[in-house]
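Raw work_36.txt, compact mmCIF, C-alpha atoms:
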# COMPACT_ATOMS: atom_id res chain seq x y z
CA MET A 290 -77.16 56.88 -56.35
CA ARG A 291 -79.28 56.56 -53.22
CA GLN A 292 -81.77 59.23 -54.41
CA PHE A 293 -81.80 57.72 -57.91
CA ALA A 294 -82.56 54.23 -56.56
CA TYR A 295 -85.24 55.52 -54.21
CA ARG A 296 -87.05 57.54 -56.88
CA VAL A 297 -86.91 54.77 -59.48
CA SER A 298 -88.48 52.36 -56.97
CA TYR A 299 -91.80 54.20 -57.35
CA CYS A 300 -92.24 53.09 -60.97
CA ASP A 301 -94.56 50.25 -61.94
CA HIS A 302 -93.63 47.65 -64.57
CA SER A 303 -94.58 49.62 -67.67
CA GLN A 304 -92.89 52.71 -66.23
CA LEU A 305 -89.75 50.67 -65.48
CA ALA A 306 -89.70 49.49 -69.11
CA ALA A 307 -90.04 53.07 -70.34
CA LEU A 308 -87.37 54.24 -67.90
CA GLU A 309 -84.97 51.51 -68.99
CA ALA A 310 -85.47 52.59 -72.62
CA PHE A 311 -84.88 56.20 -71.57
CA VAL A 312 -81.62 55.28 -69.79
CA ARG A 313 -80.39 53.26 -72.77
CA SER A 314 -81.17 56.20 -75.10
CA LEU A 315 -78.92 58.60 -73.20
CA PRO A 316 -75.59 59.34 -74.87
CA ARG A 317 -72.54 57.45 -73.74
CA PHE A 318 -69.44 59.57 -73.65
CA ALA A 319 -66.51 58.56 -75.85
CA ALA A 320 -63.89 59.11 -73.17
CA PRO A 321 -64.52 56.28 -70.73
CA ARG A 322 -64.21 57.13 -67.09
CA PRO A 323 -61.67 55.01 -65.26
CA PHE A 324 -63.54 52.29 -63.44
CA VAL A 325 -63.02 52.41 -59.71
CA GLN A 326 -64.21 49.25 -58.03
CA PRO A 327 -66.44 50.18 -55.09
CA ALA A 328 -65.13 49.20 -51.69
CA TRP A 329 -66.26 45.90 -50.21
CA PRO A 330 -69.92 46.45 -49.29
CA GLY A 331 -69.61 44.94 -45.82
CA ARG A 332 -67.72 46.01 -42.77
CA ARG A 333 -65.41 43.05 -43.18
CA PRO A 334 -64.61 40.61 -46.00
CA ALA A 335 -66.95 37.72 -46.69
CA GLU A 336 -66.44 34.47 -44.80
CA THR A 337 -68.81 32.28 -46.81
CA ARG A 338 -69.15 31.58 -50.52
CA PHE A 339 -72.62 33.06 -50.95
CA ALA A 340 -71.74 36.15 -48.90
CA ALA A 341 -68.82 36.73 -51.29
CA VAL A 342 -71.07 36.26 -54.34
CA LEU A 343 -73.72 38.61 -52.91
CA GLY A 344 -71.09 41.23 -52.08
CA ALA A 345 -69.68 40.97 -55.60
CA LEU A 346 -73.16 41.38 -57.13
CA ILE A 347 -73.72 44.52 -55.06
CA ARG A 348 -70.32 45.92 -56.04
CA ASN A 349 -70.97 45.04 -59.69
CA ARG A 350 -74.05 47.26 -59.60
CA GLY A 351 -71.82 50.13 -58.52
CA PHE A 352 -73.10 50.61 -55.00
CA GLY A 353 -72.73 49.41 -51.45
CA VAL A 354 -75.06 48.30 -48.68
CA ARG A 355 -75.79 51.88 -47.62
CA GLU A 356 -77.26 52.63 -51.06
CA LEU A 357 -79.93 49.93 -50.61
CA PRO A 358 -82.16 51.40 -47.88
CA PHE A 359 -85.42 50.67 -49.70
CA MET A 360 -85.42 46.87 -49.59
CA GLY A 361 -87.09 46.35 -46.22
CA LEU A 362 -83.95 44.99 -44.58
CA SER A 363 -81.95 46.67 -41.85
CA LEU A 364 -78.37 47.73 -42.48
CA SER A 365 -77.17 45.24 -39.87
CA THR A 366 -78.95 42.42 -41.73
CA LEU A 367 -77.45 43.51 -45.06
CA TYR A 368 -73.97 43.78 -43.56
CA GLY A 369 -74.43 40.32 -42.07
CA MET A 370 -75.53 38.90 -45.43
CA VAL A 371 -72.35 40.08 -47.18
CA TRP A 372 -70.18 38.79 -44.34
CA ARG A 373 -71.58 35.37 -43.46
CA TRP A 374 -74.45 33.35 -44.92
CA ASP A 375 -75.51 31.00 -42.17
CA PRO A 376 -78.66 28.89 -41.93
CA SER A 377 -81.57 31.03 -40.78
CA PRO A 378 -85.37 30.94 -40.97
CA HIS A 379 -85.17 34.42 -42.53
CA ARG A 380 -83.05 33.49 -45.55
CA ARG A 381 -85.96 33.31 -48.01
CA GLN A 382 -87.24 36.75 -47.02
CA GLN A 383 -83.72 38.21 -47.21
CA LEU A 384 -83.09 36.74 -50.67
CA SER A 385 -86.47 37.96 -51.87
CA ALA A 386 -85.66 41.49 -50.76
CA VAL A 387 -82.30 41.73 -52.57
CA ALA A 388 -83.15 39.88 -55.80
CA GLY A 389 -85.03 42.71 -57.52
CA PRO A 390 -82.55 45.54 -56.99
CA LEU A 391 -79.75 43.25 -58.16
CA GLY A 392 -81.73 42.41 -61.31
CA TRP A 393 -81.92 38.69 -60.51
CA THR A 394 -84.93 36.43 -60.63
CA LEU A 395 -85.77 34.64 -57.38
CA PRO A 396 -85.11 31.13 -58.75
CA ASP A 397 -81.64 32.18 -59.92
CA LEU A 398 -80.66 33.87 -56.67
CA PHE A 399 -82.06 30.99 -54.61
CA ALA A 400 -80.01 28.54 -56.69
CA VAL A 401 -76.79 30.49 -56.12
CA ALA A 402 -77.57 30.63 -52.39
CA ASP A 403 -78.31 26.86 -52.24
CA GLU A 404 -81.76 27.68 -50.89
CA PRO A 405 -84.75 25.56 -52.00
CA TYR A 406 -87.12 27.56 -54.19
CA SER A 407 -90.81 26.89 -54.63
CA GLU A 408 -93.19 28.44 -57.15
CA GLU A 409 -95.63 28.87 -54.27
CA LEU A 410 -93.31 31.44 -52.71
CA ARG A 411 -94.96 34.83 -53.29
CA PRO A 412 -93.17 37.39 -51.15
CA MET A 413 -93.59 41.12 -51.55
CA LEU A 414 -90.50 42.35 -53.32
CA HIS A 415 -89.21 44.64 -55.98
CA CYS A 416 -89.49 43.26 -59.45
CA HIS A 417 -86.16 42.21 -60.94
CA HIS A 418 -86.82 44.73 -63.71
CA LEU A 419 -85.89 47.45 -61.23
CA GLY A 420 -82.42 45.91 -61.27
CA ARG A 421 -82.40 46.12 -65.08
CA VAL A 422 -82.79 49.89 -64.78
CA PHE A 423 -79.98 50.00 -62.19
CA ALA A 424 -77.69 47.93 -64.44
CA ALA A 425 -78.47 50.10 -67.48
CA ALA A 426 -77.63 53.21 -65.42
CA VAL A 427 -74.14 52.05 -64.36
CA PRO A 428 -72.27 54.06 -67.05
CA LEU A 429 -74.30 57.25 -66.55
CA THR A 430 -72.81 60.48 -65.31
CA THR A 431 -74.14 62.17 -62.18
CA ALA A 432 -76.03 64.67 -64.35
CA GLN A 433 -77.62 61.81 -66.30
CA LEU A 434 -78.62 60.04 -63.07
CA ILE A 435 -80.32 63.24 -61.93
CA GLU A 436 -82.07 63.51 -65.31
CA THR A 437 -83.18 59.87 -65.06
CA ALA A 438 -84.48 60.37 -61.51
CA GLU A 439 -86.53 63.33 -62.77
CA GLU A 440 -87.86 61.15 -65.59
CA ALA A 441 -88.80 58.48 -63.02
CA ASP A 442 -90.71 61.12 -61.06
CA ARG A 443 -92.48 62.25 -64.24
CA LEU A 444 -93.39 58.69 -65.27
CA SER A 445 -94.59 57.58 -61.85
CA GLY A 446 -96.42 60.79 -61.00
CA ARG A 447 -94.77 60.37 -57.63
CA GLU A 448 -95.96 62.51 -54.79
CA ASP A 449 -93.49 62.65 -51.96
CA HIS A 450 -95.31 61.73 -48.76
CA GLY A 451 -92.13 61.70 -46.69
CA ILE A 452 -92.07 57.90 -46.49
CA TRP A 453 -91.33 55.17 -48.97
CA GLN A 454 -94.47 53.87 -50.72
CA PRO A 455 -93.35 51.73 -53.67
CA VAL A 456 -95.67 50.47 -56.35
CA SER A 457 -93.19 48.15 -58.07
CA GLN A 458 -93.77 45.23 -55.73
CA GLY A 459 -93.62 41.73 -56.89
CA PHE A 460 -95.25 39.07 -58.93
CA ALA A 461 -97.87 41.41 -60.38
CA GLU A 462 -99.56 39.85 -63.39
CA GLU A 463 -98.30 42.60 -65.69
CA CYS A 464 -94.66 41.85 -64.82
CA PRO A 465 -92.98 40.44 -67.94
CA ASP A 466 -90.24 37.91 -67.39
CA PHE A 467 -87.00 38.78 -69.14
CA SER A 468 -84.99 35.99 -67.51
For this file, produce the structure as structure tokens.
Amino acid sequence: MRQFAYRVSYCDHSQLAALEAFVRSLPRFAAPRPFVQPAWPGRRPAETRFAAVLGALIRNRGFGVRELPFMGLSLSTLYGMVWRWDPSPHRRQQLSAVAGPLGWTLPDLFAVADEPYSEELRPMLHCHHLGRVFAAAVPLTTAQLIETAEEADRLSGREDHGIWQPVSQGFAEECPDFS
């Protein structure tokens, strides 16, 4: 999942749309796999309402905090976010970083977090359409995830430079809003 998420993050908006269509076109197997709820994403259970909601959103996407290394937040910050959501001057930046991979728009995630949202806020972030690809990929097998990651590489023309260099960063004019 970590490699899949990393490689998909290189796609721009039109490539994300094509990749989502590709994922949805893959066969779904008749024999459903038993769903195993991922472990709580934090090191300890949530103590605040929003931390619990954020942890549940992460678990719902089928991954934990360690599978989200590409969001620009440290693991200690992510663990803290799913444990306790206290007032902080960094809350807007933290919410902006996690919204896209979870497939949420900023206004929606800000509302759930009881954080004031302003249209003037223009942080660099992953488009929430990246999260649409993640959500579409939940039922895929490991082999299908590998196939989808290869398709993401083909679509993006990604050259591995040894460091993360995403192109799907936020509020680009070509980003359609599916909210």
Problem - Å distance separating atom CA of Pro390 of chain A from atom CA of Asp403 of chain A, one decimal place - result: 19.7 Å
Exercise for the section: Mind checking which residues fall within 12 Å of Val297 of chain A, counting all atoms listed in the file, ignoring those fewer than 5 positions away in the same chain, and posting them as a PyMOL selection string? Expected result: chain A and resi 290-292+302+304-309+312+359+390+415-416+418-423+426+434-447+453-457
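Between atom CA of Arg317 of chain A and atom CA of Ala424 of chain A there is a distance of 14.3 Å.
You will find atom CA of Val354 of chain A at 28.8 Å from atom CA of Glu409 of chain A.
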Report as a tab-separated table the residues of segment 300-349 of chain A within 9 Å of segment 363-384 of chain A, each with its shortest atom pair and distance in Å (one decimal), using only C-alpha atoms, ordered by chain and increasing residue number.
residue	atom	partner	partner_atom	distance
A:Trp329	CA	A:Val371	CA	9.0
A:Pro330	CA	A:Val371	CA	7.1
A:Gly331	CA	A:Tyr368	CA	5.0
A:Arg332	CA	A:Tyr368	CA	6.7
A:Arg333	CA	A:Trp372	CA	6.5
A:Pro334	CA	A:Trp372	CA	6.1
A:Ala335	CA	A:Trp372	CA	4.1
A:Glu336	CA	A:Arg373	CA	5.4
A:Thr337	CA	A:Arg373	CA	5.3
A:Arg338	CA	A:Trp374	CA	7.9
A:Phe339	CA	A:Trp374	CA	6.3
A:Ala340	CA	A:Val371	CA	4.3
A:Ala341	CA	A:Val371	CA	6.4
A:Val342	CA	A:Val371	CA	8.2
A:Leu343	CA	A:Val371	CA	6.1
A:Gly344	CA	A:Val371	CA	5.2
A:Ala345	CA	A:Val371	CA	8.9
Would you fill out segment 294-309 of chain A with N, CA and C atoms and return it as a PDB file, in the coordinates of the input?
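result10.pdb was written with the following content:
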ATOM      1  N   ALA A 294     -81.958  55.534 -56.842  1.00  0.00           N
ATOM      2  CA  ALA A 294     -82.560  54.230 -56.560  1.00  0.00           C
ATOM      3  C   ALA A 294     -83.912  54.387 -55.880  1.00  0.00           C
ATOM      4  N   TYR A 295     -84.003  55.286 -54.944  1.00  0.00           N
ATOM      5  CA  TYR A 295     -85.240  55.520 -54.210  1.00  0.00           C
ATOM      6  C   TYR A 295     -86.342  55.997 -55.152  1.00  0.00           C
ATOM      7  N   ARG A 296     -86.032  56.959 -55.997  1.00  0.00           N
ATOM      8  CA  ARG A 296     -87.050  57.540 -56.880  1.00  0.00           C
ATOM      9  C   ARG A 296     -87.477  56.573 -57.974  1.00  0.00           C
ATOM     10  N   VAL A 297     -86.571  55.767 -58.469  1.00  0.00           N
ATOM     11  CA  VAL A 297     -86.910  54.770 -59.480  1.00  0.00           C
ATOM     12  C   VAL A 297     -87.822  53.701 -58.894  1.00  0.00           C
ATOM     13  N   SER A 298     -87.690  53.415 -57.598  1.00  0.00           N
ATOM     14  CA  SER A 298     -88.480  52.360 -56.970  1.00  0.00           C
ATOM     15  C   SER A 298     -89.975  52.661 -56.947  1.00  0.00           C
ATOM     16  N   TYR A 299     -90.389  53.861 -57.285  1.00  0.00           N
ATOM     17  CA  TYR A 299     -91.800  54.200 -57.350  1.00  0.00           C
ATOM     18  C   TYR A 299     -92.463  53.770 -58.646  1.00  0.00           C
ATOM     19  N   CYS A 300     -91.686  53.408 -59.656  1.00  0.00           N
ATOM     20  CA  CYS A 300     -92.240  53.090 -60.970  1.00  0.00           C
ATOM     21  C   CYS A 300     -92.866  51.700 -60.990  1.00  0.00           C
ATOM     22  N   ASP A 301     -93.975  51.566 -61.732  1.00  0.00           N
ATOM     23  CA  ASP A 301     -94.560  50.250 -61.940  1.00  0.00           C
ATOM     24  C   ASP A 301     -93.853  49.587 -63.129  1.00  0.00           C
ATOM     25  N   HIS A 302     -94.352  48.427 -63.547  1.00  0.00           N
ATOM     26  CA  HIS A 302     -93.630  47.650 -64.570  1.00  0.00           C
ATOM     27  C   HIS A 302     -93.550  48.370 -65.913  1.00  0.00           C
ATOM     28  N   SER A 303     -94.642  48.926 -66.379  1.00  0.00           N
ATOM     29  CA  SER A 303     -94.580  49.620 -67.670  1.00  0.00           C
ATOM     30  C   SER A 303     -93.709  50.866 -67.569  1.00  0.00           C
ATOM     31  N   GLN A 304     -93.744  51.539 -66.424  1.00  0.00           N
ATOM     32  CA  GLN A 304     -92.890  52.710 -66.230  1.00  0.00           C
ATOM     33  C   GLN A 304     -91.424  52.305 -66.148  1.00  0.00           C
ATOM     34  N   LEU A 305     -91.132  51.156 -65.521  1.00  0.00           N
ATOM     35  CA  LEU A 305     -89.750  50.670 -65.480  1.00  0.00           C
ATOM     36  C   LEU A 305     -89.250  50.366 -66.885  1.00  0.00           C
ATOM     37  N   ALA A 306     -90.096  49.771 -67.717  1.00  0.00           N
ATOM     38  CA  ALA A 306     -89.700  49.490 -69.110  1.00  0.00           C
ATOM     39  C   ALA A 306     -89.404  50.784 -69.855  1.00  0.00           C
ATOM     40  N   ALA A 307     -90.262  51.781 -69.682  1.00  0.00           N
ATOM     41  CA  ALA A 307     -90.040  53.070 -70.340  1.00  0.00           C
ATOM     42  C   ALA A 307     -88.782  53.743 -69.797  1.00  0.00           C
ATOM     43  N   LEU A 308     -88.556  53.629 -68.508  1.00  0.00           N
ATOM     44  CA  LEU A 308     -87.370  54.240 -67.900  1.00  0.00           C
ATOM     45  C   LEU A 308     -86.100  53.537 -68.363  1.00  0.00           C
ATOM     46  N   GLU A 309     -86.141  52.217 -68.484  1.00  0.00           N
ATOM     47  CA  GLU A 309     -84.970  51.510 -68.990  1.00  0.00           C
ATOM     48  C   GLU A 309     -84.657  51.956 -70.420  1.00  0.00           C
TER      49      GLU A 309
END
